[in-house]
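K.L.:
Contents of coords.tsv (TSV, C-alpha atoms) are given next:
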chain	number	residue	atom	x	y	z
A	1	MET	CA	11.46	-15.57	48.20
A	2	LYS	CA	14.99	-15.32	46.85
A	3	SER	CA	15.58	-17.03	43.50
A	4	SER	CA	17.82	-20.13	43.52
A	5	LEU	CA	19.02	-19.43	39.97
A	6	PRO	CA	22.55	-18.03	39.55
A	7	ARG	CA	22.66	-14.34	38.63
A	8	PRO	CA	23.97	-14.88	35.04
A	9	VAL	CA	21.07	-17.25	34.38
A	10	ARG	CA	18.56	-14.79	35.83
A	11	VAL	CA	19.97	-12.06	33.58
A	12	ARG	CA	19.65	-14.26	30.50
A	13	VAL	CA	16.08	-15.25	31.38
A	14	ALA	CA	15.10	-11.63	31.99
A	15	THR	CA	16.61	-10.61	28.66
A	16	LEU	CA	14.78	-13.40	26.85
A	17	LEU	CA	11.47	-12.41	28.46
A	18	ALA	CA	12.02	-8.79	27.49
A	19	LEU	CA	12.65	-9.77	23.89
A	20	LEU	CA	9.56	-12.00	23.87
A	21	VAL	CA	7.48	-9.04	25.08
A	22	ALA	CA	8.96	-6.97	22.26
A	23	ALA	CA	8.10	-9.72	19.78
A	24	ALA	CA	4.50	-9.67	20.99
A	25	ALA	CA	4.32	-6.04	19.91
A	26	LEU	CA	4.51	-7.27	16.33
A	27	ALA	CA	1.02	-8.79	16.54
A	28	PRO	CA	-0.98	-5.59	15.79
A	29	ALA	CA	1.16	-4.86	12.73
A	30	ALA	CA	0.79	-8.40	11.47
A	31	ARG	CA	-2.99	-8.78	11.72
A	32	ALA	CA	-3.79	-7.46	8.26
A	33	ALA	CA	-0.73	-8.99	6.64
A	34	ASP	CA	1.00	-11.72	8.56
A	35	ALA	CA	4.28	-12.46	6.81
A	36	PHE	CA	7.69	-10.81	6.73
A	37	GLN	CA	10.01	-10.36	3.75
A	38	TYR	CA	13.62	-10.55	4.84
A	39	TRP	CA	17.04	-12.11	4.36
A	40	SER	CA	17.23	-15.19	6.59
A	41	TYR	CA	20.66	-16.12	7.94
A	42	TRP	CA	22.04	-19.67	8.23
A	43	TRP	CA	25.14	-21.55	9.34
A	44	GLY	CA	26.50	-24.74	7.86
A	45	ALA	CA	26.45	-27.50	10.49
A	46	GLU	CA	29.09	-30.20	10.90
A	47	ASP	CA	26.70	-32.87	9.62
A	48	GLY	CA	26.32	-31.12	6.26
A	49	THR	CA	22.92	-29.53	6.98
A	50	TRP	CA	21.82	-25.94	7.52
A	51	ALA	CA	21.27	-24.54	11.02
A	52	TYR	CA	19.13	-21.42	11.47
A	53	ALA	CA	21.39	-18.71	12.89
A	54	ALA	CA	20.93	-17.96	16.58
A	55	THR	CA	22.67	-14.56	16.33
A	56	GLY	CA	23.08	-11.85	13.75
A	57	PRO	CA	26.05	-11.82	11.34
A	58	ALA	CA	27.76	-8.97	13.20
A	59	ASP	CA	27.99	-11.16	16.32
A	60	ARG	CA	29.36	-14.30	14.67
A	61	VAL	CA	33.14	-14.66	14.35
A	62	VAL	CA	33.95	-17.09	11.54
A	63	VAL	CA	36.72	-19.67	11.45
A	64	ASP	CA	38.40	-21.48	8.59
A	65	GLY	CA	36.00	-24.02	7.05
A	66	ASP	CA	32.77	-22.27	8.02
A	67	VAL	CA	29.80	-22.00	5.66
A	68	GLU	CA	27.47	-18.98	5.76
A	69	GLY	CA	24.04	-19.05	4.13
A	70	TRP	CA	21.48	-16.42	3.15
A	71	ARG	CA	18.02	-16.81	1.65
A	72	PHE	CA	15.42	-14.15	0.87
A	73	VAL	CA	12.00	-15.26	2.08
A	74	ALA	CA	8.43	-14.10	2.57
A	75	THR	CA	6.98	-16.14	5.40
A	76	ALA	CA	5.17	-16.14	8.72
A	77	GLU	CA	7.01	-19.26	9.88
A	78	ALA	CA	9.46	-19.05	12.80
A	79	VAL	CA	11.94	-21.04	10.73
A	80	PRO	CA	11.86	-20.10	7.04
A	81	ASP	CA	12.95	-22.18	4.05
A	82	GLN	CA	16.70	-22.79	4.08
A	83	PRO	CA	19.10	-22.11	1.19
A	84	ARG	CA	18.53	-24.53	-1.68
A	85	GLU	CA	22.21	-25.43	-1.97
A	86	ALA	CA	23.97	-27.70	0.53
A	87	PRO	CA	26.59	-26.13	2.85
A	88	ASP	CA	29.50	-27.96	1.20
A	89	PHE	CA	32.71	-26.14	2.11
A	90	ASP	CA	35.00	-28.58	0.29
A	91	SER	CA	33.13	-28.07	-2.99
A	92	ILE	CA	32.65	-24.30	-2.79
A	93	CYS	CA	36.19	-23.54	-1.61
A	94	ALA	CA	37.93	-26.33	-3.52
A	95	ASP	CA	40.40	-23.93	-5.20
A	96	ALA	CA	41.11	-21.76	-2.14
A	97	GLU	CA	44.48	-22.44	-0.52
A	98	PRO	CA	45.03	-21.77	3.22
A	99	THR	CA	46.88	-18.53	3.98
A	100	ASP	CA	48.46	-17.42	7.25
A	101	GLY	CA	46.31	-14.89	9.07
A	102	MET	CA	43.31	-15.55	6.83
A	103	VAL	CA	40.28	-17.86	7.03
A	104	ARG	CA	38.32	-19.40	4.17
A	105	VAL	CA	34.53	-19.23	4.38
A	106	ALA	CA	32.06	-20.67	1.89
A	107	VAL	CA	29.01	-18.50	1.22
A	108	VAL	CA	25.66	-19.51	-0.29
A	109	ILE	CA	23.30	-16.71	-1.33
A	110	ASP	CA	19.80	-17.79	-2.33
A	111	LEU	CA	17.69	-14.99	-3.81
A	112	GLY	CA	14.55	-16.98	-3.14
A	113	THR	CA	11.64	-17.53	-5.50
A	114	GLU	CA	9.48	-15.14	-7.52
A	115	GLN	CA	6.73	-15.83	-5.00
A	116	ASP	CA	8.93	-14.37	-2.26
A	117	SER	CA	10.04	-11.38	-4.35
A	118	PRO	CA	8.86	-7.95	-3.17
A	119	GLU	CA	6.20	-6.19	-5.20
A	120	ALA	CA	7.67	-4.33	-8.19
A	121	SER	CA	10.96	-6.20	-7.74
A	122	THR	CA	12.50	-8.85	-9.96
A	123	ILE	CA	15.07	-11.41	-8.94
A	124	PRO	CA	18.36	-10.48	-10.64
A	125	GLU	CA	19.36	-12.66	-13.55
A	126	GLY	CA	22.12	-15.21	-13.12
A	127	GLN	CA	22.80	-18.25	-11.03
A	128	ASN	CA	20.47	-18.72	-8.07
A	129	PRO	CA	21.59	-19.80	-5.51
A	130	GLN	CA	25.07	-18.30	-5.80
A	131	MET	CA	28.11	-19.95	-4.23
A	132	GLN	CA	31.34	-18.10	-3.46
A	133	CYS	CA	34.41	-18.62	-1.32
A	134	ALA	CA	35.60	-15.71	0.79
A	135	SER	CA	39.09	-15.26	2.21
A	136	VAL	CA	38.97	-12.86	5.14
A	137	ALA	CA	41.20	-11.91	8.05
A	138	GLU	CA	41.11	-13.98	11.22
A	139	GLY	CA	38.55	-12.55	13.63
A	140	SER	CA	36.20	-11.41	10.87
A	141	THR	CA	32.44	-11.57	11.37
A	142	GLY	CA	29.70	-13.03	9.21
A	143	GLU	CA	28.78	-9.48	8.25
A	144	GLN	CA	32.30	-8.84	6.96
A	145	VAL	CA	32.29	-12.13	5.06
A	146	LEU	CA	29.08	-11.16	3.28
A	147	ALA	CA	30.50	-7.75	2.34
A	148	ALA	CA	33.66	-9.43	1.05
A	149	VAL	CA	31.75	-11.56	-1.47
A	150	VAL	CA	28.99	-9.18	-2.60
A	151	GLY	CA	30.50	-5.74	-2.03
A	152	VAL	CA	27.26	-3.88	-1.33
A	153	VAL	CA	25.18	-4.77	1.74
A	154	ARG	CA	22.25	-2.57	2.73
A	155	SER	CA	21.44	-2.79	6.42
A	156	GLU	CA	19.25	-1.16	9.05
A	157	THR	CA	19.23	-1.51	12.84
A	158	GLY	CA	21.61	-4.46	12.63
A	159	ALA	CA	19.51	-6.31	10.04
A	160	VAL	CA	20.64	-7.13	6.50
A	161	CYS	CA	18.02	-5.59	4.22
A	162	GLY	CA	19.58	-5.86	0.76
A	163	ILE	CA	22.32	-7.97	-0.79
A	164	SER	CA	23.89	-6.80	-4.06
A	165	GLY	CA	21.02	-4.38	-4.49
A	166	TYR	CA	18.25	-6.93	-3.94
A	167	PRO	CA	15.78	-5.84	-2.92
A	168	ALA	CA	16.50	-2.20	-3.67
A	169	THR	CA	14.24	-0.87	-0.91
A	170	GLY	CA	12.41	-2.04	2.17
A	171	CYS	CA	13.46	-3.95	5.27
A	172	PHE	CA	11.43	-6.55	7.14
A	173	GLU	CA	8.32	-5.50	5.24
A	174	VAL	CA	5.03	-6.86	6.55
A	175	VAL	CA	3.11	-8.46	3.68
A	176	ALA	CA	0.35	-10.96	3.02
A	177	GLU	CA	1.60	-14.51	3.36
A	178	PRO	CA	1.84	-16.24	-0.05
A	179	ALA	CA	-1.46	-17.98	-0.81
A	180	GLU	CA	0.19	-21.18	-2.01
A	181	PRO	CA	3.51	-22.80	-1.04
A	182	ALA	CA	6.32	-22.34	-3.51
A	183	ALA	CA	7.02	-25.38	-5.69
A	184	ALA	CA	10.54	-25.57	-4.26
A	185	HIS	CA	9.37	-25.56	-0.63
A	186	ASP	CA	11.82	-27.43	1.56
A	187	GLU	CA	10.96	-30.50	3.55
A	188	PRO	CA	10.75	-29.91	7.32
A	189	SER	CA	14.13	-30.35	8.96
A	190	ASP	CA	15.05	-31.69	12.40
A	191	LEU	CA	16.61	-28.46	13.65
A	192	PRO	CA	17.39	-28.15	17.39
A	193	VAL	CA	14.76	-26.18	19.31
A	194	TRP	CA	16.97	-23.65	21.09
A	195	PRO	CA	18.52	-22.05	17.97
A	196	ILE	CA	15.03	-21.74	16.49
A	197	VAL	CA	13.70	-19.95	19.57
A	198	ALA	CA	16.79	-17.76	19.93
A	199	GLY	CA	16.86	-16.90	16.23
A	200	PHE	CA	13.16	-16.05	16.17
A	201	VAL	CA	13.41	-13.86	19.26
A	202	VAL	CA	16.39	-11.94	17.82
A	203	LEU	CA	14.58	-11.62	14.49
A	204	ALA	CA	11.40	-10.40	16.18
A	205	ALA	CA	13.27	-7.86	18.29
A	206	ILE	CA	15.03	-6.43	15.22
A	207	ALA	CA	11.73	-6.27	13.36
A	208	VAL	CA	10.15	-4.39	16.28
A	209	LEU	CA	12.90	-1.79	16.15
A	210	ILE	CA	12.57	-1.37	12.39
A	211	ILE	CA	8.77	-1.09	12.49
A	212	ALA	CA	8.96	1.39	15.38
A	213	ARG	CA	11.48	3.48	13.46
A	214	LYS	CA	9.23	3.50	10.38
A	215	LYS	CA	6.23	4.55	12.47
A	216	GLY	CA	8.28	7.32	14.05
A	217	ALA	CA	9.41	8.56	10.65
A	218	ASN	CA	5.86	8.55	9.31
A	219	GLY	CA	4.58	10.39	12.36
A	220	SER	CA	7.22	13.11	12.24
Show this structure as structure tokens.

P.N.:
Amino acid sequence: MKSSLPRPVRVRVATLLALLVAAAALAPAARAADAFQYWSYWWGAEDGTWAYAATGPADRVVVDGDVEGWRFVATAEAVPDQPREAPDFDSICADAEPTDGMVRVAVVIDLGTEQDSPEASTIPEGQNPQMQCASVAEGSTGEQVLAAVVGVVRSETGAVCGISGYPATGCFEVVAEPAEPAAAHDEPSDLPVWPIVAGFVVLAAIAVLIIARKKGANGS
């Protein structure tokens, strides 16, 4: 029987199902150690809260007044802990004047806790979380904003793996989930369901690609 759904909807559904199948491939790799270490990506919402990003930074075009957030986590949760600093554009970019052809974007970078830190790695000294205001050209992406404020971004298969040299190695490493919650664990938030699902599916698909690449490299 012919589907009653419009073709664009059918395409989106098929893509989503394909990504969910790819995410299911993570299960064997996660049986022995069921958490991932990675840089989670967030957007500042209009109501002053954090929203878990539904796309990667390379696909997000920023506008003046946006807030971008990053937090390093080790978790098995679909939605990890959010940055521990509020997405307050007016405070972070208080001294940044508007400029023609440029947009101002506030950036919060949370290095996470020692409990989330990769083995043999230490969280760099200094303020944590870090807040900076970027001024970038109109049409810039979240990826370009991050590079503008930290300089060095290590990435793999479209995923941000290291910010300012932290961590120095590894990307979406599969590890044992922390035995006890961190003391600074966030309270559950009332995030909309669809960005959570979309963000998790994108995250899982990227992780599949990275794990597959690692397996291929080890087998060669």

K.L.:
Counting only C-alpha atoms, write as a list of chain:residue names all protein and nucleic acid residues lying at most 9 Å from (22.6, -25.8, 4.8) in the file's frame.

P.N.:
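Protein and nucleic acid residues near the point are A:Trp42, A:Trp43, A:Gly44, A:Ala45, A:Gly48, A:Thr49, A:Trp50, A:Ala51, A:Tyr52, A:Val67, A:Glu68, A:Gly69, A:Gln82, A:Pro83, A:Arg84, A:Glu85, A:Ala86, A:Pro87, A:Asp88, A:Val108.
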
K.L.:
Hey, which bits of range 81-118 of chain A sit within 9 Å of range 130-135 of chain A, and for each residue what's the closest pair of atoms and how far apart in Å (one decimal), counting all atoms listed in the file, rows by chain and increasing number, as CSV?

P.N.:
residue,atom,partner,partner_atom,distance
A:Glu85,CA,A:Met131,CA,8.4
A:Phe89,CA,A:Cys133,CA,8.4
A:Ile92,CA,A:Cys133,CA,6.1
A:Cys93,CA,A:Cys133,CA,5.2
A:Ala94,CA,A:Cys133,CA,8.8
A:Asp95,CA,A:Cys133,CA,8.9
A:Ala96,CA,A:Cys133,CA,7.4
A:Pro98,CA,A:Ser135,CA,8.9
A:Thr99,CA,A:Ser135,CA,8.6
A:Met102,CA,A:Ser135,CA,6.3
A:Val103,CA,A:Ser135,CA,5.6
A:Arg104,CA,A:Ser135,CA,4.6
A:Val105,CA,A:Ala134,CA,5.1
A:Ala106,CA,A:Cys133,CA,4.5
A:Val107,CA,A:Gln132,CA,5.2
A:Val108,CA,A:Met131,CA,4.7
A:Ile109,CA,A:Gln130,CA,5.1
A:Asp110,CA,A:Gln130,CA,6.3
A:Leu111,CA,A:Gln130,CA,8.3

K.L.:
Could you work out how far CA of Val175 in chain A lies from CA of Gly151 in chain A, giving the answer in Å with one decimal?

P.N.:
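If I compute the distance from CA of Gly151 in chain A to CA of Val175 in chain A, I get 28.1 Å.
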
K.L.:
How many Å lie between CA of Ala148 in chain A and CA of Glu125 in chain A, rounded to one decimal?

P.N.:
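If I compute the distance from CA of Ala148 in chain A to CA of Glu125 in chain A, I get 20.7 Å.
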
K.L.:
For a test of reading the model, state the distance in Å between CA of Gly56 in chain A and CA of Val153 in chain A, rounded to one decimal.

P.N.:
14.1 Å

K.L.:
Give me the residues near Ser117 in chain A as a list in words, where near means some atom within 12 Å (using all atoms listed in the file) and where sequence neighbours in that chain fewer than 4 positions away do not count.

P.N.:
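My reading of the contact set: Phe36, Gln37, Tyr38, Trp39, Arg71, Phe72, Val73, Ala74, Thr75, Asp110, Leu111, Gly112, Thr113, Ser121, Thr122, Ile123, Pro124, Tyr166, Pro167, Ala168, Thr169, Gly170, Glu173, Val175, Glu177, Pro178 and Ala182 of chain A.
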
K.L.:
Which is closest to Ala53 in chain A among A:Ala147, A:Val174, A:Ala35, A:Ala78, if we use only C-alpha atoms?

P.N.:
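That would be A:Ala78, the residue with the smallest distance to Ala53 in chain A.
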
K.L.:
I'd like to know which of A:Gln144, A:Pro118, A:Tyr41, A:Arg60 is closest to Asp81 in chain A, using all atoms listed in the file.

P.N.:
A:Tyr41

K.L.:
Would you mind telling me which residue in A:Gly101, A:Pro57, A:Gly158, A:Gly65 lies nearest to Gly142 in chain A when using all atoms listed in the file?

P.N.:
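Checking each of A:Gly101, A:Pro57, A:Gly158, A:Gly65 against Gly142 in chain A, counting all atoms listed in the file, the winner is A:Pro57.
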
K.L.:
Let me make sure I understand: among A:Ser40, A:Gln115, A:Gly126, A:Asp34, which one has the smallest atom-to-atom distance to Cys171 in chain A if we use only C-alpha atoms?

P.N.:
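Closest to Cys171 in chain A, using only C-alpha atoms: A:Ser40.
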
K.L.:
Within 7 Å of Val61 in chain A, counting only C-alpha atoms, which residues show up once you throw out same-chain ones fewer than 2 positions away? Write them as a ChimeraX atom specification, please.

P.N.:
/A:59,63,139-142

K.L.:
Given the choices A:Asn128, A:Ala76, A:Glu114, A:Leu146, which gets closest to Gly162 in chain A if the distance is worked out from all atoms listed in the file?

P.N.:
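Of A:Asn128, A:Ala76, A:Glu114, A:Leu146, the one nearest Gly162 in chain A is A:Leu146, counting all atoms listed in the file.
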